[in-house]
Amino acid sequence: MTRALSDVKRRRIDELIAHTSDAGGVSLLRDAGRRLVRNPTAIVGAAIIVLFLIIAIFAPLVAPHDPVQRFPELTQNLTVDTIPGAQAGHPLGSDPLGRDFASRMIYGARQTLFVGVLATLIGLLAGVLLGAVAGAVGGWVDAVVMRLTDVMLALPSLLLAITLVALARESSQWTVIVAVAIVNVPIFARLLRGSMLAQRESDHVLAARALGVKQRHIVSRHMLPNSLTAVIVQATLTFAVAILDAAALSFLGLGDPDINRAEWGLMLGVDGVRYFEVRPELAYYPALAIILVALGFTLLGESIREALDPKNRR
Amino acid sequence: MLRVISRRLVQLAVTLLALTTLVFFWLRSLPGGPVDALLGERATPQTRELLTRALGYDQPIWVQYGKFLQNVVTGNFGNSIRTGEPVTEVIGRAFPATVELAVAAIIIAIGLGVPLGYLAARHRGRVLDNATIIVTLVGISIPIFFLGYLLKDWLTQGVHVFPPSGRISTGLDNTDVTGFFVLDGLLTRELDASADALWHLVLPAVTLATIPLAIIIRITRASVLDVLDEDYIRTADAKGLRSPTIRKRHVLRNALLPVVTIIGLQTGALLAGAVLTEKVYNWGGLGTLITDSISGSRDYPVLQALILLAAVVFIVVNLVVDLSYAVIDPRVRVR
């Protein structure tokens, strides 16, 4: 009995020693990276995103046809209100204008990536800039920026996007991108400001100040890099929301008016729902693609957040 | 407590003032100005001048701004461009429809979300937990208008379980008292009307509830897991309390605090989701009104009032949620 107990104790002490000596030299980032690679959720998310990126980049090589080329022979023999289904040379059939649907889906990865990345990036840059200025300068600048974000957050995201698109004289791909981007500005701004404020009081910033480092350098070299992880997590999650919002805007008739553009949200929100009763596949494929990609970014974003959380550090 | 309320009310007023100001300058910054927006591009100079004077646009900008604020405060938003009716009347008619839909959706979301999240947490790592996580992840990744069409296709076309659109069957002679059709039926004892309205409500409410439901499940699960790890649960267990008592008095009461905050924030998602859901099911509420006001020529007076209304609802609901904290959590009251 006593022997067993001491064995257990000894093992636990050994474990503790092995543990502390091992973790002693590992940085938070490397530790987080290791946890991330071991997390199956993160792998699934990353795999979806990589597949999506490959299809987007190599779209011209993968797609069987030009996404805007019309095949009159597909539609001319048909009676009204039907859309040709799968057949030789056109694995997913065609869209209402007689264009190869499979090719449009493949090129859609490109356009969807373009819309999502740009909307996220523009929102991130503007938000980070505002948040950094507010957090670094403080005082009345901070107050003004925060009231501004209050006003923007007073409207639910999609409503704000609708309002912004309605503001523009005519809609284009850019009104959609910019509207979705602006919606995310206050979120990024508040996130960064909060993190910068927390750091202003921290020891490493105090030390830098005591050494006489210029304010500009303290912000750019010490405060910003330490705040960026939260922003990166948020950006990953924002991408999913951005393509969903873009699809919703298309559905409401506020999307990109270019009928040649192959973008999943546009394909789902316009033709997909219009022909839902005739040929639901026109909605199923883009919807499935959007769900998968949104899922991929959500999974990866949440895994990164989990990995960076010091609570999970062992 | 009073200080918190008054500070939040001041904040609300400041936010609304800023938003009204933005809306005012937005309307003035329109290409060609509001007069062009009202008349269209083919208006003669005479009518344009007439309307400019009638609307007071020939006066200095600060006079206009003052008048605009005065109108907003007294609830005078002018007339709808599309129908010519007063904006308040148009909105008043659509308001109950959306409230009915949103309330039904939030009841579904809370009623299903909290128990499911709790169960998932208690069975952590097992089949039920994993299934819940996957379903909620898909729930937040699916475009909800697509889900609406999907449900509509499955349950109204072939099988015909639910009506495909509208709030009530045509030809049903229901008496309109409050504008809330389910409630009206109960008030006037027209139970068939009430049942019919409820039947129409199911699919749109489920569609609208999807995102809040997924989020409430996730938050409840995470929060219950956090609480289960606390020392006071171990203490309660150690001192021999029965598990139902621990669950009810210690786990649930503490775990539901973050859920309450999320419910407040989800009102925003509901308002935005209503725009999409109402279009799918032809619901005829505020969401439909927004869609109609932006399609084709834009109905600026209606839009402007809707934006302010959405902001007021969102802020007030969150204020109420924050205040309800004091009721549920005694620690807040002390502070």
# chains A, B, ... in the order shown; residues from 1 in each chain; ligands from 1

$ interface_residues --of "chain B" --to "chain A" --cutoff "8 Å" --atoms "only C-alpha atoms" --output "PyMOL selection string"
chain B and resi 15-16+18-19+26+30-31+137-138+141-143+145-146+149+153+268-269+271-272+276+291+294-295+298+307+310-312+314-315

$ select_by_dssp --residues "segment 7-131 of chain B" --states "alpha helix (DSSP H)" --output "JSON, numbers by chain"
{"B": [7, 8, 9, 10, 11, 12, 13, 14, 15, 16, 17, 18, 19, 20, 21, 22, 23, 24, 25, 26, 27, 28, 33, 34, 35, 36, 37, 38, 39, 45, 46, 47, 48, 49, 50, 51, 52, 53, 54, 55, 61, 62, 63, 64, 65, 66, 67, 68, 69, 70, 71, 72, 73, 87, 88, 89, 90, 91, 92, 93, 94, 95, 96, 97, 98, 99, 100, 101, 102, 103, 104, 105, 106, 107, 108, 109, 110, 111, 112, 113, 114, 115, 116, 117, 118, 119, 120, 121, 122, 127, 128, 129, 130, 131]}

$ closest_atom_pairs --of "segment 68-162 of chain A" --to "segment 207-215 of chain A" --cutoff "12 Å" --atoms "only C-alpha atoms" --output "CSV"
residue,atom,partner,partner_atom,distance
A:Val133,CA,A:Gln215,CA,11.9
A:Ala136,CA,A:Gln215,CA,8.5
A:Val137,CA,A:Gln215,CA,9.6

$ atom_distance --atom1 "atom CA of Gln87 of chain A" --atom2 "atom CA of Ser250 of chain A"
28.8 Å

$ atom_distance --atom1 "atom CA of Leu150 of chain B" --atom2 "atom CA of Pro67 of chain A"
26.4 Å

$ residues_around --residues "Ala274 of chain B" --least-positions-apart "4" --cutoff "6 Å" --atoms "only C-alpha atoms" --output "PyMOL selection string"
chain B and resi 270+278+287

$ atom_distance --atom1 "atom CA of Val313 of chain B" --atom2 "atom CA of Phe180 of chain B"
17.9 Å

$ residues_around --residues "Thr136 of chain B" --least-positions-apart "2" --cutoff "10 Å" --atoms "only C-alpha atoms" --output "list in words"
Asn130, Ala131, Thr132, Ile133, Ile134, Val138, Gly139, Ile140, Ser141, Thr210, Ile211, Pro212, Leu213, Ala214, Ile215, Ile216, Ile217 and Arg218 of chain B

$ closest_residue --among "A:Ser220, A:Ser94, A:Thr41, A:Asn226" --to "Leu129 of chain A" --atoms "only C-alpha atoms"
A:Ser220

$ closest_residue --among "A:Gln199, A:Ser227, A:Asn39, A:Gln69" --to "Val128 of chain A" --atoms "only C-alpha atoms"
A:Ser227

$ select_by_dssp --residues "segment 65-299 of chain A" --states "strand (DSSP E or B)" --output "list in words"
Arg70, Gln87, His90, Ser94, Arg99 and Asp100 of chain A

$ closest_residue --among "A:Val141, A:Leu121, A:Val62, A:Ala88" --to "Leu74 of chain A" --atoms "only C-alpha atoms"
A:Ala88

$ closest_residue --among "B:Ala94, B:Asp129, B:Thr83, B:Asn174" --to "Ala195 of chain B" --atoms "only C-alpha atoms"
B:Asn174

$ residues_around --residues "Thr220 of chain B" --least-positions-apart "2" --cutoff "7 Å" --atoms "only C-alpha atoms" --output "list in words"
Val114, Gly117, Tyr118, Ile216, Ile217, Arg218, Ala222, Ser223, Val224, Ala255, Leu256 and Val259 of chain B

$ residues_around --residues "Ile43 of chain A" --least-positions-apart "2" --cutoff "12 Å" --atoms "only C-alpha atoms" --output "CSV table (one decimal) with N, CA and C atoms, in the first residue's frame"
chain,number,residue,atom,x,y,z
A,33,GLY,N,1.4,26.6,-31.9
A,33,GLY,CA,1.5,26.0,-33.2
A,33,GLY,C,1.5,24.5,-33.0
A,35,ARG,N,0.1,22.7,-30.6
A,35,ARG,CA,-1.3,22.3,-30.3
A,35,ARG,C,-2.2,22.3,-31.5
A,36,LEU,N,-1.9,23.3,-32.4
A,36,LEU,CA,-2.8,23.5,-33.6
A,36,LEU,C,-2.6,22.3,-34.5
A,37,VAL,N,-1.3,21.9,-34.7
A,37,VAL,CA,-1.1,20.8,-35.6
A,37,VAL,C,-1.7,19.5,-35.1
A,38,ARG,N,-1.8,19.3,-33.8
A,38,ARG,CA,-2.3,18.1,-33.2
A,38,ARG,C,-3.8,18.1,-33.2
A,39,ASN,N,-4.4,19.3,-33.4
A,39,ASN,CA,-5.9,19.4,-33.3
A,39,ASN,C,-6.6,18.9,-34.6
A,40,PRO,N,-7.3,17.9,-34.6
A,40,PRO,CA,-8.0,17.4,-35.9
A,40,PRO,C,-8.9,18.5,-36.5
A,41,THR,N,-9.6,19.2,-35.6
A,41,THR,CA,-10.5,20.3,-36.1
A,41,THR,C,-9.7,21.3,-37.0
A,45,GLY,N,-10.2,22.1,-41.0
A,45,GLY,CA,-10.5,23.4,-41.5
A,45,GLY,C,-9.4,23.8,-42.5
A,46,ALA,N,-8.1,23.6,-42.2
A,46,ALA,CA,-7.0,24.0,-43.0
A,46,ALA,C,-7.1,23.2,-44.4
A,47,ALA,N,-7.5,21.9,-44.3
A,47,ALA,CA,-7.6,21.1,-45.5
A,47,ALA,C,-8.6,21.7,-46.5
A,48,ILE,N,-9.8,22.1,-45.9
A,48,ILE,CA,-10.9,22.7,-46.7
A,48,ILE,C,-10.3,24.0,-47.4
A,49,ILE,N,-9.6,24.8,-46.6
A,49,ILE,CA,-9.2,26.1,-47.1
A,49,ILE,C,-8.1,25.9,-48.2
A,50,VAL,N,-7.2,24.9,-48.0
A,50,VAL,CA,-6.2,24.7,-49.0
A,50,VAL,C,-6.8,24.2,-50.3
A,296,GLY,N,-14.8,25.8,-43.1
A,296,GLY,CA,-13.4,25.7,-43.0
A,296,GLY,C,-12.7,26.8,-42.3
A,297,PHE,N,-13.2,28.1,-42.6
A,297,PHE,CA,-12.6,29.2,-42.0
A,297,PHE,C,-13.0,29.3,-40.5
A,299,LEU,N,-13.8,26.8,-38.5
A,299,LEU,CA,-13.0,25.7,-37.8
A,299,LEU,C,-11.6,26.2,-37.5
A,300,LEU,N,-10.9,26.7,-38.6
A,300,LEU,CA,-9.5,27.1,-38.4
A,300,LEU,C,-9.4,28.2,-37.4
A,301,GLY,N,-10.3,29.2,-37.6
A,301,GLY,CA,-10.3,30.4,-36.7
A,301,GLY,C,-10.4,30.0,-35.3
A,302,GLU,N,-11.4,29.1,-35.0
A,302,GLU,CA,-11.7,28.8,-33.6
A,302,GLU,C,-10.5,27.9,-33.1
A,303,SER,N,-9.9,27.1,-33.9
A,303,SER,CA,-8.8,26.3,-33.4
A,303,SER,C,-7.6,27.2,-33.1
A,304,ILE,N,-7.4,28.2,-33.9
A,304,ILE,CA,-6.3,29.1,-33.6
A,304,ILE,C,-6.5,29.8,-32.3

$ closest_residue --among "B:Ala43, B:Leu319, B:Leu257, B:Val87" --to "Arg331 of chain B" --atoms "only C-alpha atoms"
B:Leu257

$ residues_around --residues "Ile182 of chain A" --least-positions-apart "4" --cutoff "8 Å" --atoms "only C-alpha atoms" --output "list in words"
Ile122, Gly123, Ala161, Val178 and Pro186 of chain A

$ decode --residues "segment 232-279 of chain B" --atoms "N, CA and C atoms" --output "PDB file, in the first residue's frame"
ATOM      1  N   TYR B 232     -16.637  25.668  -6.472  1.00  0.00           N
ATOM      2  CA  TYR B 232     -17.864  25.599  -5.674  1.00  0.00           C
ATOM      3  C   TYR B 232     -18.739  24.418  -6.067  1.00  0.00           C
ATOM      4  N   ILE B 233     -18.587  23.934  -7.299  1.00  0.00           N
ATOM      5  CA  ILE B 233     -19.336  22.734  -7.683  1.00  0.00           C
ATOM      6  C   ILE B 233     -18.752  21.522  -6.948  1.00  0.00           C
ATOM      7  N   ARG B 234     -17.403  21.492  -6.914  1.00  0.00           N
ATOM      8  CA  ARG B 234     -16.747  20.400  -6.196  1.00  0.00           C
ATOM      9  C   ARG B 234     -17.141  20.450  -4.715  1.00  0.00           C
ATOM     10  N   THR B 235     -17.186  21.655  -4.162  1.00  0.00           N
ATOM     11  CA  THR B 235     -17.584  21.811  -2.762  1.00  0.00           C
ATOM     12  C   THR B 235     -18.991  21.281  -2.540  1.00  0.00           C
ATOM     13  N   ALA B 236     -19.897  21.698  -3.436  1.00  0.00           N
ATOM     14  CA  ALA B 236     -21.286  21.268  -3.297  1.00  0.00           C
ATOM     15  C   ALA B 236     -21.380  19.750  -3.359  1.00  0.00           C
ATOM     16  N   ASP B 237     -20.590  19.189  -4.262  1.00  0.00           N
ATOM     17  CA  ASP B 237     -20.566  17.746  -4.414  1.00  0.00           C
ATOM     18  C   ASP B 237     -20.012  17.099  -3.146  1.00  0.00           C
ATOM     19  N   ALA B 238     -18.929  17.682  -2.635  1.00  0.00           N
ATOM     20  CA  ALA B 238     -18.244  17.100  -1.481  1.00  0.00           C
ATOM     21  C   ALA B 238     -19.105  17.162  -0.234  1.00  0.00           C
ATOM     22  N   LYS B 239     -19.886  18.220  -0.097  1.00  0.00           N
ATOM     23  CA  LYS B 239     -20.681  18.308   1.120  1.00  0.00           C
ATOM     24  C   LYS B 239     -21.965  17.498   1.000  1.00  0.00           C
ATOM     25  N   GLY B 240     -22.117  16.762  -0.096  1.00  0.00           N
ATOM     26  CA  GLY B 240     -23.176  15.765  -0.195  1.00  0.00           C
ATOM     27  C   GLY B 240     -24.495  16.256  -0.729  1.00  0.00           C
ATOM     28  N   LEU B 241     -24.510  17.394  -1.460  1.00  0.00           N
ATOM     29  CA  LEU B 241     -25.769  17.842  -2.056  1.00  0.00           C
ATOM     30  C   LEU B 241     -26.192  16.856  -3.138  1.00  0.00           C
ATOM     31  N   ARG B 242     -27.496  16.726  -3.304  1.00  0.00           N
ATOM     32  CA  ARG B 242     -27.961  15.809  -4.345  1.00  0.00           C
ATOM     33  C   ARG B 242     -27.742  16.455  -5.714  1.00  0.00           C
ATOM     34  N   SER B 243     -27.451  15.625  -6.728  1.00  0.00           N
ATOM     35  CA  SER B 243     -27.080  16.212  -8.020  1.00  0.00           C
ATOM     36  C   SER B 243     -28.153  17.099  -8.651  1.00  0.00           C
ATOM     37  N   PRO B 244     -29.459  16.787  -8.533  1.00  0.00           N
ATOM     38  CA  PRO B 244     -30.431  17.729  -9.110  1.00  0.00           C
ATOM     39  C   PRO B 244     -30.310  19.110  -8.472  1.00  0.00           C
ATOM     40  N   THR B 245     -30.059  19.149  -7.181  1.00  0.00           N
ATOM     41  CA  THR B 245     -29.907  20.433  -6.498  1.00  0.00           C
ATOM     42  C   THR B 245     -28.682  21.169  -7.020  1.00  0.00           C
ATOM     43  N   ILE B 246     -27.584  20.439  -7.173  1.00  0.00           N
ATOM     44  CA  ILE B 246     -26.368  21.077  -7.679  1.00  0.00           C
ATOM     45  C   ILE B 246     -26.615  21.642  -9.064  1.00  0.00           C
ATOM     46  N   ARG B 247     -27.242  20.818  -9.906  1.00  0.00           N
ATOM     47  CA  ARG B 247     -27.489  21.260 -11.273  1.00  0.00           C
ATOM     48  C   ARG B 247     -28.321  22.522 -11.309  1.00  0.00           C
ATOM     49  N   LYS B 248     -29.408  22.524 -10.538  1.00  0.00           N
ATOM     50  CA  LYS B 248     -30.335  23.638 -10.620  1.00  0.00           C
ATOM     51  C   LYS B 248     -29.757  24.891  -9.954  1.00  0.00           C
ATOM     52  N   ARG B 249     -29.261  24.741  -8.721  1.00  0.00           N
ATOM     53  CA  ARG B 249     -28.886  25.934  -7.957  1.00  0.00           C
ATOM     54  C   ARG B 249     -27.486  26.408  -8.252  1.00  0.00           C
ATOM     55  N   HIS B 250     -26.603  25.495  -8.616  1.00  0.00           N
ATOM     56  CA  HIS B 250     -25.213  25.915  -8.783  1.00  0.00           C
ATOM     57  C   HIS B 250     -24.784  25.985 -10.240  1.00  0.00           C
ATOM     58  N   VAL B 251     -25.085  24.953 -11.007  1.00  0.00           N
ATOM     59  CA  VAL B 251     -24.606  24.942 -12.399  1.00  0.00           C
ATOM     60  C   VAL B 251     -25.428  25.886 -13.273  1.00  0.00           C
ATOM     61  N   LEU B 252     -26.726  25.636 -13.364  1.00  0.00           N
ATOM     62  CA  LEU B 252     -27.543  26.401 -14.308  1.00  0.00           C
ATOM     63  C   LEU B 252     -27.561  27.891 -13.995  1.00  0.00           C
ATOM     64  N   ARG B 253     -27.753  28.220 -12.709  1.00  0.00           N
ATOM     65  CA  ARG B 253     -27.856  29.645 -12.364  1.00  0.00           C
ATOM     66  C   ARG B 253     -26.620  30.420 -12.754  1.00  0.00           C
ATOM     67  N   ASN B 254     -25.466  29.793 -12.593  1.00  0.00           N
ATOM     68  CA  ASN B 254     -24.241  30.501 -12.954  1.00  0.00           C
ATOM     69  C   ASN B 254     -23.950  30.433 -14.445  1.00  0.00           C
ATOM     70  N   ALA B 255     -24.310  29.309 -15.054  1.00  0.00           N
ATOM     71  CA  ALA B 255     -23.959  29.124 -16.461  1.00  0.00           C
ATOM     72  C   ALA B 255     -24.820  29.992 -17.376  1.00  0.00           C
ATOM     73  N   LEU B 256     -26.008  30.383 -16.902  1.00  0.00           N
ATOM     74  CA  LEU B 256     -26.908  31.100 -17.801  1.00  0.00           C
ATOM     75  C   LEU B 256     -26.572  32.583 -17.951  1.00  0.00           C
ATOM     76  N   LEU B 257     -25.679  33.102 -17.087  1.00  0.00           N
ATOM     77  CA  LEU B 257     -25.352  34.533 -17.175  1.00  0.00           C
ATOM     78  C   LEU B 257     -24.836  34.944 -18.553  1.00  0.00           C
ATOM     79  N   PRO B 258     -23.799  34.270 -19.085  1.00  0.00           N
ATOM     80  CA  PRO B 258     -23.323  34.670 -20.419  1.00  0.00           C
ATOM     81  C   PRO B 258     -24.389  34.460 -21.490  1.00  0.00           C
ATOM     82  N   VAL B 259     -25.253  33.470 -21.279  1.00  0.00           N
ATOM     83  CA  VAL B 259     -26.297  33.196 -22.268  1.00  0.00           C
ATOM     84  C   VAL B 259     -27.251  34.385 -22.386  1.00  0.00           C
ATOM     85  N   VAL B 260     -27.547  35.010 -21.238  1.00  0.00           N
ATOM     86  CA  VAL B 260     -28.452  36.159 -21.250  1.00  0.00           C
ATOM     87  C   VAL B 260     -27.870  37.289 -22.099  1.00  0.00           C
ATOM     88  N   THR B 261     -26.558  37.546 -21.947  1.00  0.00           N
ATOM     89  CA  THR B 261     -25.922  38.588 -22.751  1.00  0.00           C
ATOM     90  C   THR B 261     -26.046  38.276 -24.235  1.00  0.00           C
ATOM     91  N   ILE B 262     -25.800  37.020 -24.581  1.00  0.00           N
ATOM     92  CA  ILE B 262     -25.839  36.627 -25.986  1.00  0.00           C
ATOM     93  C   ILE B 262     -27.237  36.803 -26.564  1.00  0.00           C
ATOM     94  N   ILE B 263     -28.250  36.513 -25.740  1.00  0.00           N
ATOM     95  CA  ILE B 263     -29.617  36.681 -26.224  1.00  0.00           C
ATOM     96  C   ILE B 263     -29.856  38.131 -26.618  1.00  0.00           C
ATOM     97  N   GLY B 264     -29.333  39.061 -25.819  1.00  0.00           N
ATOM     98  CA  GLY B 264     -29.461  40.474 -26.161  1.00  0.00           C
ATOM     99  C   GLY B 264     -28.797  40.777 -27.488  1.00  0.00           C
ATOM    100  N   LEU B 265     -27.570  40.263 -27.661  1.00  0.00           N
ATOM    101  CA  LEU B 265     -26.837  40.549 -28.892  1.00  0.00           C
ATOM    102  C   LEU B 265     -27.495  39.904 -30.098  1.00  0.00           C
ATOM    103  N   GLN B 266     -28.216  38.794 -29.870  1.00  0.00           N
ATOM    104  CA  GLN B 266     -28.836  38.096 -30.986  1.00  0.00           C
ATOM    105  C   GLN B 266     -30.035  38.843 -31.566  1.00  0.00           C
ATOM    106  N   THR B 267     -30.578  39.826 -30.817  1.00  0.00           N
ATOM    107  CA  THR B 267     -31.668  40.618 -31.398  1.00  0.00           C
ATOM    108  C   THR B 267     -31.204  41.231 -32.703  1.00  0.00           C
ATOM    109  N   GLY B 268     -29.934  41.629 -32.750  1.00  0.00           N
ATOM    110  CA  GLY B 268     -29.392  42.184 -33.978  1.00  0.00           C
ATOM    111  C   GLY B 268     -29.468  41.189 -35.107  1.00  0.00           C
ATOM    112  N   ALA B 269     -29.024  39.954 -34.819  1.00  0.00           N
ATOM    113  CA  ALA B 269     -29.058  38.904 -35.835  1.00  0.00           C
ATOM    114  C   ALA B 269     -30.496  38.645 -36.273  1.00  0.00           C
ATOM    115  N   LEU B 270     -31.435  38.738 -35.321  1.00  0.00           N
ATOM    116  CA  LEU B 270     -32.843  38.518 -35.659  1.00  0.00           C
ATOM    117  C   LEU B 270     -33.356  39.596 -36.606  1.00  0.00           C
ATOM    118  N   LEU B 271     -33.023  40.847 -36.303  1.00  0.00           N
ATOM    119  CA  LEU B 271     -33.488  41.941 -37.154  1.00  0.00           C
ATOM    120  C   LEU B 271     -32.949  41.790 -38.568  1.00  0.00           C
ATOM    121  N   ALA B 272     -31.641  41.449 -38.658  1.00  0.00           N
ATOM    122  CA  ALA B 272     -31.034  41.294 -39.970  1.00  0.00           C
ATOM    123  C   ALA B 272     -31.586  40.057 -40.665  1.00  0.00           C
ATOM    124  N   GLY B 273     -31.717  38.959 -39.898  1.00  0.00           N
ATOM    125  CA  GLY B 273     -32.227  37.721 -40.476  1.00  0.00           C
ATOM    126  C   GLY B 273     -33.661  37.875 -40.950  1.00  0.00           C
ATOM    127  N   ALA B 274     -34.423  38.749 -40.275  1.00  0.00           N
ATOM    128  CA  ALA B 274     -35.820  38.940 -40.653  1.00  0.00           C
ATOM    129  C   ALA B 274     -35.924  39.467 -42.078  1.00  0.00           C
ATOM    130  N   VAL B 275     -34.958  40.291 -42.482  1.00  0.00           N
ATOM    131  CA  VAL B 275     -34.993  40.830 -43.845  1.00  0.00           C
ATOM    132  C   VAL B 275     -34.968  39.685 -44.855  1.00  0.00           C
ATOM    133  N   LEU B 276     -34.079  38.691 -44.598  1.00  0.00           N
ATOM    134  CA  LEU B 276     -33.942  37.572 -45.526  1.00  0.00           C
ATOM    135  C   LEU B 276     -35.123  36.616 -45.410  1.00  0.00           C
ATOM    136  N   THR B 277     -35.473  36.250 -44.160  1.00  0.00           N
ATOM    137  CA  THR B 277     -36.550  35.287 -43.947  1.00  0.00           C
ATOM    138  C   THR B 277     -37.873  35.813 -44.507  1.00  0.00           C
ATOM    139  N   GLU B 278     -38.152  37.076 -44.251  1.00  0.00           N
ATOM    140  CA  GLU B 278     -39.423  37.636 -44.705  1.00  0.00           C
ATOM    141  C   GLU B 278     -39.510  37.662 -46.213  1.00  0.00           C
ATOM    142  N   LYS B 279     -38.359  37.822 -46.868  1.00  0.00           N
ATOM    143  CA  LYS B 279     -38.402  37.804 -48.333  1.00  0.00           C
ATOM    144  C   LYS B 279     -38.723  36.392 -48.834  1.00  0.00           C
TER     145      LYS B 279
END
